[in-house]
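Undergrad: Before we start, here is the structure in question, set down as structure tokens.
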Amino acid sequence: MTFITNSNSYELVIKKSESPIISFRIQFKIGSINDWKKQEGINALTASLIAQGGTKFLTYNEVVEKLYPWAGEIYFIADKELTTFIGSVHKDNLEGFYKIFSDLILNPRFDEEDFARVKDENLNFFENNLRSINDEDLGKQVLQTMIYKNHPYEKHHFGTVEGIKSIILDDVKKYYNENYTQENLVIGITGNISKEIINEIDSDFKKISLGKFQKTLLPKTEEIQDMEITIVEKSARATAISIGFPISVTRSDKDFYALMVANSYFGEHRTFNGVLMNKIRGDRGINYGDYSYIENFIQDGGTRFFIPNVARRQQFFSIWIRPTKPEDAHFSLRLAMKELKSLCESGISKEEFENARDFVINYSKLWAQTQSRSLGFELDSKFYKADYFIDKIEEELKQLSVDDVNSAIRKYLQYQNVKVAIICQNANELKEKILTNATSQIKYSTTVDESILREDESIINYSLNINKNKLNVLQVNQLFKK
Amino acid sequence: MFYIRIAFVILFLLNLKTMSQNKSKIFPYKVNEFTLSNGLKVISIPYDSKGIVAYYTVVRTGSRNEVEDGKSGFAHFFEHMMFRGTEKYSTKAYNEIVKKLGSDANAFTTDDWTCYHLVASSSALETIMDIESDRFQNLKYSVEGFKTESGAILGEYNKSYSNPIMTMFEKMQEAAFTTHTYKHTTMGFLKDIQDMPNQYEYSLQFFDRYYRPENCIVVVVGDFDQSKLELLANKYYGNWMRGNFNVEIPNEPQQTEPKFVDMKWNSKTLPMLMIGFHSPAFSDSEIDMPTMDLISQLYFSENSKLFQKLVIEEQLVEFVEGSGSDNRDPSMFIVLTRVKDKSNIEKVKEEISKTIEEIKTNPVSKEELEKVKSHLKYSFAMRMNTPDAIANTLSHYLQLTGNYESLNRVYELYEKITADDIIRIAQKYLTLNNSTTLTLTEEETK
């Protein structure tokens with residue numbers, strides 16, 4: 001049973017259940033779009049320090065020590081527009097856990113040594129992690145900085161290297177005081193919780209300042225002209241590719257649900273359902289996987305589902321081509337773009353529509369298997385001012401026709417003006433191939449079906465409509481600097 | 001007619017037993033178990049999941065079984081090939097059915113087992129059993145399909161090994177083991193992955209050896225009807241033929257001197273230090289491995305003195321952790337840390353050595369031990385929140401011993417472990433001569 005109250009300045013969502021696991025999602029309507037100029041990263045750094053620091057009454061070491069026997073979990077998600085603290089504990093230990101969890105948020109210690117540690121960690125995230133060891137994520141993040149050039153979403157949600165370096169502890173305290181207010185607050189609780197604990201939460205969180213919710217205005221994204229490509233050069237055994245462009249549709253819109261069906265048909269995440277996966281991996285064995293998305297998508301750990309609470313007012317369409325052998329990268333890019341063109345021009349058939357729609361209706365029911373995730377979707381639905389997402393999917397999809405889906409494809413998807421981020425070892429070599437529209441012959445280690453070879457003939461010289469003025473090569477250490 | 005059918009089914013099901021709910025055991029759910037005459041074990045757990053069922057097929061074969069030279073990586077390769085279709089259900093037909101069900105279907109491979117898992121609507125149970133039983137008995141793929149899939153395997157290797165930690169684990173196994181098949185990772189040696197397209201015949205042999213009912217266990221958790229499940233198990237798996245292959249896994253000889261490996265990484269990275277110790281195999285009757293689990297929690301978790309000193313107080317490292325893994329044969333206990341400054345590598349190494357000496361000499365207090373036991377108990381309880389999580393946990397223990405009771409027994413062993421046991425087990429395994437130390441640093445640009 002879900003209750004939503006707005007009796008205070010903050011919003012409270014309670015999902016009562018019989019589960020002995022109690023989960024909290026304490027959300028603030030702030031994100032990297034609220035970062036101060038030249039101090040990009042202050043939102044994530046503040047959240048990091050809250051979740052990985054002490055309270056006014058306990059040092060961080062003491063917090064860890066107290067939580068340990070209860071196996072209590074606390075972590076946070078800081079994205080462009082939302083920052084959410086997530087806590088879970090067994091009901092046996094609720095009282096002690098809640099005191100610490102709420103103190104971390106309401107009475108943070110803001111200790112200099114904790115600050116130094118967390119700041120270092122966030123800097124290392126860029127300098128020694130994202131730029132170095134995860135080419136796939138790097139490609140996706142570069143794509144977002146390209147799509148949102150000169151837009152509040154442009155900077156990485158963890159900021160920039162120079163931005164983080166410039167932040168001192170007093171800045172974090174100031175940011176906290178200005179933004180961690182009741183007007184920005186949404187509290188979600190789920191599990192077998194008593195009225196007493198709800199009253200306690202209400203009384204505790206009412207103590208923070210009221211503040212004033214200031215919605216950051218989001219401008220339109222810059223227009224894309226033809227295919228704009230950034231090739232990032234770094235040491236890499238394979239080449240990662242991300243393709244995308246902004247779309248003016250979110251979960252608040254009816255068309256989003258039609259587009260969900262089209263996207264599932266084209267590139268459902270980590271399944272063999274999609275055209276991209278079947279053409280690139282299934283038929284040709286080029287790489288490990290190929291998918292597409294109609295909103296910001298972050299996989300939830302080892303599952304194939306996405307995390308809730310990274311909702312945004314503006315979204316983007318993207319294609320993720322997992323690393324290919326360097327010699328197959330150009331071909332893979334062409335193949336993905338040709339398929340996108342085909343989707344845009346031909347749409348999907350009634351049978352394809354029915355299969356994809358049925359899949360999404362059933363599959364989406366698995367997304368909220370844990371009550372914490374279900375609570376997360378409840379909070380997302382508030383953000384989008386829509387009904388509970390999982391129910392909404394079924395409701396909307398059951399009303400859809402193939403024409404609705406094809407109409408949404410025509411309205412929101414296109415293949416002419418896209419941005420592409422490529423992570424690879426020999427950037428100039430690939431740049432030259434792309435610039436000259438060189439033939440990208442593919443070599444197979446086995447005999448492949450005649451129909452695939454025929455299809456390849458139409459791919460190897462497929463014109464990518466390159467914007468030659470916007471085909472750049474960057475060295476990896478130039479990224480996320482400022 | 002109805003009674004005859006039931007009688008027939010009962011004859012077919014051997015060792016049918018039902019464990020009633022026992023609150024003193026860590027695993028709180030009722031478990032049903034029955035075994036078909038061909039040796040296939042079916043474990044089922046009713047769970048209030050509102051129309052959802054998790055369906056796991058455990059194959060007790062992993063990279064541990066890859067005993068022949070040049071053939072590493074095949075257990076994992078099979079995880080991929082199992083999606084390549086049968087005569088009854090081609091890849092396309094299989095995918096269409098999975099799509100129609102809206103199921104979450106995937107697979108994974110480890111050192112010791114391969115797991116195929118689905119979560120779907122309970123109403124789809126018969127369809128799931130039909131398609132799953134079919135591919136386990138009748139997998140059929142062409143040479144071309146086999147070669148094409150080997151490209152995806154190489155793609156998977158490439159995406160995984162851009163991460164230096166993965167490469168360190170690969171190197172650790174290669175350096176620490178001389179004889180046992182744990183010398184290679186689940187993905188296999190790169191040279192073997194590159195040669196996979198030429199190993200079609202061997203792949204058929206591999207399937208014939210291991211994809212047999214006596215080597216597999218089906219685990220069903222969620223909202224289902226037990227009697228229907230038993231009928232369906234018989235209907236779809238009853239004709240699956242037993243195999244007769246026995247693999248001999250070579251024993252790893254005792255390591256007699258410390259090993260050291262320096263690795264260079266040709267991309268930006270912080271230095272990393274990995275220290276591995278040969279550690280005991282999983283057991284639900286001997287305390288060696290459960291004791292190593294407690295050592296991991298006491299001395300290398302976020303709550304340990306080492307973590308507090310190196311990560312929080314002195315801030316010399318980004319993280320430090322140490323743990324072993326449940327394996328069928330003796331495996332490795334690994335301590336891993338990422339050092340913030342190259343000049344501190346030796347100091348960090350020294351701190352880890354001091355901690356190891358402390359484990360071997362200073363008895364842990366009763367209070368600390370109780371905290372760890374509480375942590376393990378609550379961690380477990382908090383994980384058991386979906387049919388998928390329950391099936392996954394139970395499958396883990398089933399692949400190790402074939403018996404789900406191993407889960408309860410291990411937690412019973414945790415309760416019995418004393419401070420003296422910790423000292424004794426640490427003295428046995430955490431020795432210099434039993435260790436392999438890997439240091440990874442960034443390659444200096446010329």
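For the structure tokens, the naming scheme is as follows: chains receive sequential letters (A, B, ...) according to their order of presentation, residues are indexed from 1 within each chain, and ligands are indexed from 1 in presentation order.
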Within 10 Å of A:Arg237, counting only C-alpha atoms, which residues qualify if same-chain residues fewer than 3 places away don't, as a ChimeraX atom specification?
TA: /A:135,234,240,323-326,424-425 /B:157-159,161-162
Undergrad: Okay, now the selection with C-alpha atoms, as a PDB file, in the first residue's frame?
TA:
```
ATOM      1  CA  ASP A 135      36.406   2.242 -22.086  1.00  0.00           C
ATOM      2  CA  LYS A 234      44.058   5.983 -25.450  1.00  0.00           C
ATOM      3  CA  ALA A 240      34.142   1.247 -28.009  1.00  0.00           C
ATOM      4  CA  PRO A 323      34.175  -2.958 -27.930  1.00  0.00           C
ATOM      5  CA  THR A 324      35.008  -4.400 -31.320  1.00  0.00           C
ATOM      6  CA  LYS A 325      38.352  -5.345 -32.804  1.00  0.00           C
ATOM      7  CA  PRO A 326      39.844  -2.067 -34.102  1.00  0.00           C
ATOM      8  CA  CYS A 424      40.293   3.619 -29.518  1.00  0.00           C
ATOM      9  CA  GLN A 425      44.035   3.183 -29.787  1.00  0.00           C
TER      10      GLN A 425
ATOM     11  CA  TYR B 157      37.646 -10.863 -23.292  1.00  0.00           C
ATOM     12  CA  ASN B 158      38.570  -7.522 -24.828  1.00  0.00           C
ATOM     13  CA  LYS B 159      35.936  -5.581 -22.924  1.00  0.00           C
ATOM     14  CA  TYR B 161      40.575  -7.043 -19.754  1.00  0.00           C
ATOM     15  CA  SER B 162      40.822  -3.312 -20.326  1.00  0.00           C
TER      16      SER B 162
END
```
Undergrad: Could you write out as number ranges by chain the residues of chain A within 7 Å of chain B, counting only C-alpha atoms?
TA: A: 21, 61, 64-65, 68-71, 90, 117, 121, 128, 132-134, 235-238, 272-273, 281, 284-288, 323-324, 355, 358-360, 362-363, 369-370, 445-448
Undergrad: Could you list, as a ChimeraX atom specification, every residue within 8 Å of A:Ile459, counting only C-alpha atoms and ignoring same-chain residues fewer than 6 positions away?
TA: /A:331,334-335,338
Undergrad: Those residues with N, CA and C atoms, as a PDB file, in the first residue's frame please?
TA:
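Wrote again_22.pdb, looks like this:
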```pdb
ATOM      1  N   PHE A 331      33.103  -0.574 -39.708  1.00  0.00           N
ATOM      2  CA  PHE A 331      32.007  -1.396 -40.229  1.00  0.00           C
ATOM      3  C   PHE A 331      30.839  -1.404 -39.233  1.00  0.00           C
ATOM      4  N   ARG A 334      28.915   1.771 -39.239  1.00  0.00           N
ATOM      5  CA  ARG A 334      28.068   1.836 -40.443  1.00  0.00           C
ATOM      6  C   ARG A 334      26.837   0.943 -40.299  1.00  0.00           C
ATOM      7  N   LEU A 335      27.060  -0.259 -39.802  1.00  0.00           N
ATOM      8  CA  LEU A 335      25.954  -1.206 -39.677  1.00  0.00           C
ATOM      9  C   LEU A 335      24.889  -0.651 -38.719  1.00  0.00           C
ATOM     10  N   LYS A 338      23.043   2.188 -40.401  1.00  0.00           N
ATOM     11  CA  LYS A 338      22.159   1.712 -41.469  1.00  0.00           C
ATOM     12  C   LYS A 338      20.874   1.124 -40.856  1.00  0.00           C
TER      13      LYS A 338
END
```
Undergrad: Show which residues sit within 7 Å of A:Ile30, as a PyMOL selection string. Count only C-alpha atoms, and ignore same-chain residues fewer than 2 positions away.
TA: chain A and resi 28+34+81-83
Undergrad: For those residues, write N, CA and C atoms to a file as a CSV table (one decimal), in the first residue's frame.
TA:
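Everything below was put into selection.csv:
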```csv
chain,number,residue,atom,x,y,z
A,28,PHE,N,17.0,14.4,-2.6
A,28,PHE,CA,17.0,15.9,-2.7
A,28,PHE,C,17.0,16.3,-4.2
A,34,ASN,N,23.2,21.8,-10.4
A,34,ASN,CA,23.3,22.9,-9.4
A,34,ASN,C,24.7,23.2,-9.0
A,81,GLU,N,20.1,15.8,-11.9
A,81,GLU,CA,19.0,16.5,-11.3
A,81,GLU,C,18.6,16.1,-9.9
A,82,LEU,N,19.0,14.9,-9.5
A,82,LEU,CA,18.6,14.3,-8.3
A,82,LEU,C,19.8,13.7,-7.5
A,83,THR,N,19.7,13.8,-6.2
A,83,THR,CA,20.7,13.1,-5.3
A,83,THR,C,19.9,12.3,-4.3
```
Undergrad: I need the residues in stretch 288-351 of chain A that are helix (DSSP H, G or I) according to DSSP; give them as a ChimeraX atom specification.
TA: /A:326-346,350-351
Undergrad: Output C-alpha atoms for every residue in that selection, as a PDB file, in the first residue's frame.
TA:
```
ATOM      1  CA  PRO A 326      39.844  -2.067 -34.102  1.00  0.00           C
ATOM      2  CA  GLU A 327      39.545  -3.235 -37.717  1.00  0.00           C
ATOM      3  CA  ASP A 328      35.775  -3.854 -37.289  1.00  0.00           C
ATOM      4  CA  ALA A 329      34.907  -0.492 -35.701  1.00  0.00           C
ATOM      5  CA  HIS A 330      34.157   1.433 -38.895  1.00  0.00           C
ATOM      6  CA  PHE A 331      32.007  -1.396 -40.229  1.00  0.00           C
ATOM      7  CA  SER A 332      30.092  -1.661 -36.922  1.00  0.00           C
ATOM      8  CA  LEU A 333      29.375   2.059 -36.883  1.00  0.00           C
ATOM      9  CA  ARG A 334      28.068   1.836 -40.443  1.00  0.00           C
ATOM     10  CA  LEU A 335      25.954  -1.206 -39.677  1.00  0.00           C
ATOM     11  CA  ALA A 336      24.370   0.433 -36.612  1.00  0.00           C
ATOM     12  CA  MET A 337      23.615   3.624 -38.545  1.00  0.00           C
ATOM     13  CA  LYS A 338      22.159   1.712 -41.469  1.00  0.00           C
ATOM     14  CA  GLU A 339      19.866  -0.165 -39.101  1.00  0.00           C
ATOM     15  CA  LEU A 340      18.847   3.079 -37.420  1.00  0.00           C
ATOM     16  CA  LYS A 341      18.001   4.506 -40.830  1.00  0.00           C
ATOM     17  CA  SER A 342      15.961   1.450 -41.636  1.00  0.00           C
ATOM     18  CA  LEU A 343      14.062   1.746 -38.346  1.00  0.00           C
ATOM     19  CA  CYS A 344      13.345   5.417 -38.988  1.00  0.00           C
ATOM     20  CA  GLU A 345      12.258   4.915 -42.571  1.00  0.00           C
ATOM     21  CA  SER A 346      10.391   1.633 -42.381  1.00  0.00           C
ATOM     22  CA  LYS A 350       2.584  -5.441 -36.661  1.00  0.00           C
ATOM     23  CA  GLU A 351       4.122  -8.753 -35.626  1.00  0.00           C
TER      24      GLU A 351
END
```
Undergrad: Report, in Å to a single decimal, how far apart atom CA of B:Glu321 and atom CA of A:Asp300 are.
TA: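 Separation between atom CA of A:Asp300 and atom CA of B:Glu321: 22.2 Å.
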Undergrad: Can you pull out every residue within 6 Å of A:Glu40, counting only C-alpha atoms, but drop anything in the same chain fewer than 4 positions away, and send it as a PyMOL selection string?
TA: chain A and resi 35-36+159-160+163
Undergrad: Just to be explicit: take each residue in the selection above, keep N, CA and C atoms, and write the result as a PDB file, in the first residue's frame.
TA:
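Full text of result-v6.pdb as output:
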```
ATOM      1  N   ASP A  35      25.668  22.462  -9.623  1.00  0.00           N
ATOM      2  CA  ASP A  35      27.092  22.710  -9.334  1.00  0.00           C
ATOM      3  C   ASP A  35      27.420  24.179  -9.579  1.00  0.00           C
ATOM      4  N   TRP A  36      28.282  24.726  -8.743  1.00  0.00           N
ATOM      5  CA  TRP A  36      28.692  26.104  -8.949  1.00  0.00           C
ATOM      6  C   TRP A  36      29.721  26.164 -10.076  1.00  0.00           C
ATOM      7  N   GLY A 159      31.380  16.012 -11.815  1.00  0.00           N
ATOM      8  CA  GLY A 159      32.075  17.272 -12.005  1.00  0.00           C
ATOM      9  C   GLY A 159      33.225  17.194 -12.973  1.00  0.00           C
ATOM     10  N   THR A 160      34.262  17.996 -12.684  1.00  0.00           N
ATOM     11  CA  THR A 160      35.463  18.012 -13.512  1.00  0.00           C
ATOM     12  C   THR A 160      36.675  17.961 -12.583  1.00  0.00           C
ATOM     13  N   GLY A 163      37.378  21.456 -11.299  1.00  0.00           N
ATOM     14  CA  GLY A 163      36.269  21.848 -10.422  1.00  0.00           C
ATOM     15  C   GLY A 163      36.426  21.225  -9.040  1.00  0.00           C
TER      16      GLY A 163
END
```
Undergrad: Would you mind listing what lies within 10 Å of stretch 207-210 of chain B as a ChimeraX atom specification, with only C-alpha atoms counted and same-chain residues fewer than 2 positions away left out?
TA: /B:59-62,65,74-75,78,81-82,136-137,139,202-205,212-216,242-247
Undergrad: Would you kindly return, as a PyMOL selection string, each protein, DNA or RNA residue with an atom no farther than 12 Å from any atom of A:Gly139, considering only C-alpha atoms and excluding same-chain residues fewer than 5 positions away?
TA: chain A and resi 130-134+144-146+229-234+239-244+318-323+419-424+476+479
Undergrad: One decimal, Å: what's the distance from atom CA of A:Val13 over to atom CA of A:Val310, could you say?
TA: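 Distance reported for this atom pair: 17.4 Å.
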Undergrad: Let me make sure I understand: among A:Ser23, A:Thr221, A:Lys155, A:Phe317, which one has the smallest atom-to-atom distance to A:Lys91 if we use only C-alpha atoms?
TA: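 Of the candidates, the smallest distance to A:Lys91 is held by A:Ser23.
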Undergrad: Which value, in Å to one decimal, gives the distance between atom CA of A:Asp255 and atom CA of A:Glu228?
TA: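 For atom CA of A:Asp255 relative to atom CA of A:Glu228, the distance reads 27.0 Å.
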Undergrad: So that I can check the secondary structure, give me every residue of stretch 197-410 of chain A assigned strand (DSSP E) by backbone DSSP, as a PyMOL selection string.
TA: chain A and resi 227-233+239-247+290-293+315-324
Undergrad: Next, write the just-selected residues to a file, as a compact mmCIF listing (two decimals), in the first residue's frame, keeping C-alpha atoms as the atom set.
TA:
```txt
# COMPACT_ATOMS: atom_id res chain seq x y z
CA MET A 227 27.35 13.19 -37.96
CA GLU A 228 29.65 14.83 -35.42
CA ILE A 229 32.36 12.52 -34.14
CA THR A 230 34.84 12.70 -31.28
CA ILE A 231 37.51 10.03 -31.28
CA VAL A 232 39.28 9.65 -27.95
CA GLU A 233 42.75 8.18 -28.22
CA THR A 239 37.26 0.08 -29.86
CA ALA A 240 34.14 1.25 -28.01
CA ILE A 241 31.44 3.25 -29.79
CA SER A 242 28.47 5.26 -28.48
CA ILE A 243 26.01 7.07 -30.74
CA GLY A 244 23.22 9.44 -29.74
CA PHE A 245 21.11 12.56 -29.93
CA PRO A 246 18.62 14.35 -27.65
CA ILE A 247 14.94 13.44 -27.76
CA ASP A 290 24.85 -3.95 -28.97
CA TYR A 291 21.91 -2.07 -27.50
CA SER A 292 19.88 1.14 -27.61
CA TYR A 293 18.18 3.39 -25.06
CA GLN A 315 16.48 12.70 -22.31
CA PHE A 316 18.51 11.31 -25.16
CA PHE A 317 18.47 8.36 -27.51
CA SER A 318 21.64 6.32 -27.63
CA ILE A 319 23.21 3.25 -29.17
CA TRP A 320 25.94 1.35 -27.34
CA ILE A 321 28.26 -0.79 -29.44
CA ARG A 322 30.46 -2.78 -27.09
CA PRO A 323 34.18 -2.96 -27.93
CA THR A 324 35.01 -4.40 -31.32
```
